[in-house]
Amino acid sequence: MHIACRNLHYTYPGADSPVFSNLDWSIEGPGFFALFGLSGTGKSTLARLISGELSPMQGDIDIPNARRVLYTHNAERIPGWNTVGAHLRSVTPASKTSLLTTILKDYGMEVHLESRFSGLSMGQKNRINLARYLVQEFDLLIADEVLANVDEPTRNHILERLKILFPQKTFIYISHNALEVARFSQTIHVLPHGSTAGTNKIHKITGLDRQEGMKTTPEELVQERVYAILRSAASTSEPRP
Amino acid sequence: MRTLKRLFQFISIYATALGLLWGVKIVYGFSDYLIPPPLEVLHVAGQNGLLYVKAVLDTLAVAIAGHMVAIVLATAVGLVGRLSTWPGNLTRTAAYNLQAYPIVAVAPIIFLFLGDGLASRLLIAAMICYFPLLLSFIGIFAKPVEEVEHFFRITGRINWRLELSIRTFENLDKITTVIVGSGTMALVGTIIAEFLAATNGIGYIIRKALYQSNLAKILVALFLIGLCSSLYLSLIETIGGRIKIRLYGHKAEYMIFCLPFVWHLLEAQVHTAVF
């Protein structure tokens, strides 16, 4: 899968300055990619542009061969009139029932199926929300801070399992956790510190792409990537020609 | 418990108001003709109690019927008003402009066309509580609950029934409050209609008492109105509370108000049965 943005411009209605201006950027899937940046640099905006929730004011976003692009964020809730299990059953296609069972077991959520969503902890809510997206038909899933409230060991386990369960899919994982994206991503796409002229460049840093069962990566290497990510995030957009 | 609390609140307010009235009478030395003594009020209550209870129940029945008509109508029109297409825009504009006009002002025209019977009282009661309900329903039905609807929209599952279910469920507290508030307005509308021209109901009795300058009769009528109003409002609150408990707690039979949820539960059951 190939995702390409060319000459992308976007300004929110009523805003003084653009979020993106003249942005060229691409990703070559499948695989697990991260979108990293400080708050307000336009990660979620870019995700919503790619998923079609927003339309660019100028420029193109091409995603050939992608039948379905999904975008999820961590503030999502399921309807309160159903139990978690009833909701998941109602939104899971018949062909994905066994996948749902596997995911719920992996995420340690099978004991909470009779609960109401409002009765779950934030981390449990995050896991249930991600599970229902993973059992949909998709080619690209953009996950915006979807594991923000999940504890680190569980989060690491979930990310490792994602790579095993969906080797042919493309994931764009938005996170503020530099250590996590450094360890698990194939490439980290870093949005530099916002400028009033709008972001026009996204830096690419090679990640460590950790897989399940892989030997532990030396700490120095992880630290080096984390510093590179943070340095890149703190830099400003390219000056205009 | 809720009913008792409401009754207690009403009786406390009523007793305080009576106490103040009699206090003013003593301080300023008003005559018994202007402000009747407690015994006279009790005597009027004993003499006319049954007649007044029948009249207030008549008024309450018309108010409830008018309230129900207004709720059904506001829901139906609210569904059109939530649309972003031209029928929706037209409905919203019409609703916002019409609600600014005081319905009581057109009441005489209604009496001219429909006479002084049940139809006029019912129509005025319904119209008085219809617009506040409509504006609230349009607001609730038209505002997306993005955190819940997003999944259904991006996976192509959203439809108007689901949208309506989500928005109703998420605003259940607001809807209950609006319906309770409009219940009071329906009662007020009915009494005003009876006061203006009808030949039945407690409003008509107050009008007659006013012509006779009989404050004792008016005080008894006010007591019965307050009593019935408290009982009706606490009944609506109780129904709203029960619906919430059932929706949040169990899958169970719901009332007409919850039909969209029943629909989705049925869809889920069929989906589970088929797959």
# chains A, B, ... in the order shown; residues from 1 in each chain; ligands from 1

$ residues_around --residues "Leu120 in chain A" --least-positions-apart "2" --cutoff "12 Å" --atoms "only C-alpha atoms" --output "PyMOL selection string"
chain A and resi 77-78+80+83-84+109+111-118+122-129+149

$ write_last_selection --atoms "C-alpha atoms" --output "short mmCIF file (atom, residue, chain, number, x, y, z; two decimals), in the first residue's frame"
data_model
loop_
_atom_site.label_atom_id
_atom_site.label_comp_id
_atom_site.auth_asym_id
_atom_site.auth_seq_id
_atom_site.Cartn_x
_atom_site.Cartn_y
_atom_site.Cartn_z
CA ARG A 77 -17.40 5.16 23.42
CA ILE A 78 -19.81 2.37 22.62
CA GLY A 80 -24.54 2.72 26.63
CA THR A 83 -23.28 -4.62 27.19
CA VAL A 84 -19.76 -4.70 25.76
CA MET A 109 -11.06 -8.63 28.01
CA VAL A 111 -14.25 -11.52 31.37
CA HIS A 112 -15.72 -8.06 30.83
CA LEU A 113 -18.19 -8.89 28.06
CA GLU A 114 -21.23 -8.66 30.31
CA SER A 115 -20.14 -5.26 31.64
CA ARG A 116 -21.37 -1.89 30.46
CA PHE A 117 -18.77 0.29 28.77
CA SER A 118 -19.24 2.98 31.41
CA MET A 122 -10.06 3.84 30.87
CA GLY A 123 -7.50 1.25 29.77
CA GLN A 124 -10.19 -1.40 29.35
CA LYS A 125 -12.29 1.04 27.31
CA ASN A 126 -9.28 1.68 25.06
CA ARG A 127 -8.80 -2.05 24.47
CA ILE A 128 -12.48 -2.71 23.69
CA ASN A 129 -12.57 0.19 21.26
CA ASN A 149 -4.55 4.68 29.17
#

$ interface_residues --of "chain A" --to "chain B" --cutoff "10 Å" --atoms "only C-alpha atoms" --output "PyMOL selection string"
chain A and resi 51-53+68-83+86-95+97+115-116+118+129+132-133+136-138

$ residues_around --residues "range 18-26 of chain B" --least-positions-apart "5" --cutoff "9 Å" --atoms "only C-alpha atoms" --output "list in words"
Ile13, Ser31, Asp32, Leu34, Ile35, Pro36, Pro37, Pro38 and Leu219 of chain B

$ atom_distance --atom1 "CA of Ile192 in chain B" --atom2 "CA of Val178 in chain B"
20.7 Å

$ atom_distance --atom1 "CA of Phe131 in chain B" --atom2 "CA of Ala95 in chain B"
7.1 Å
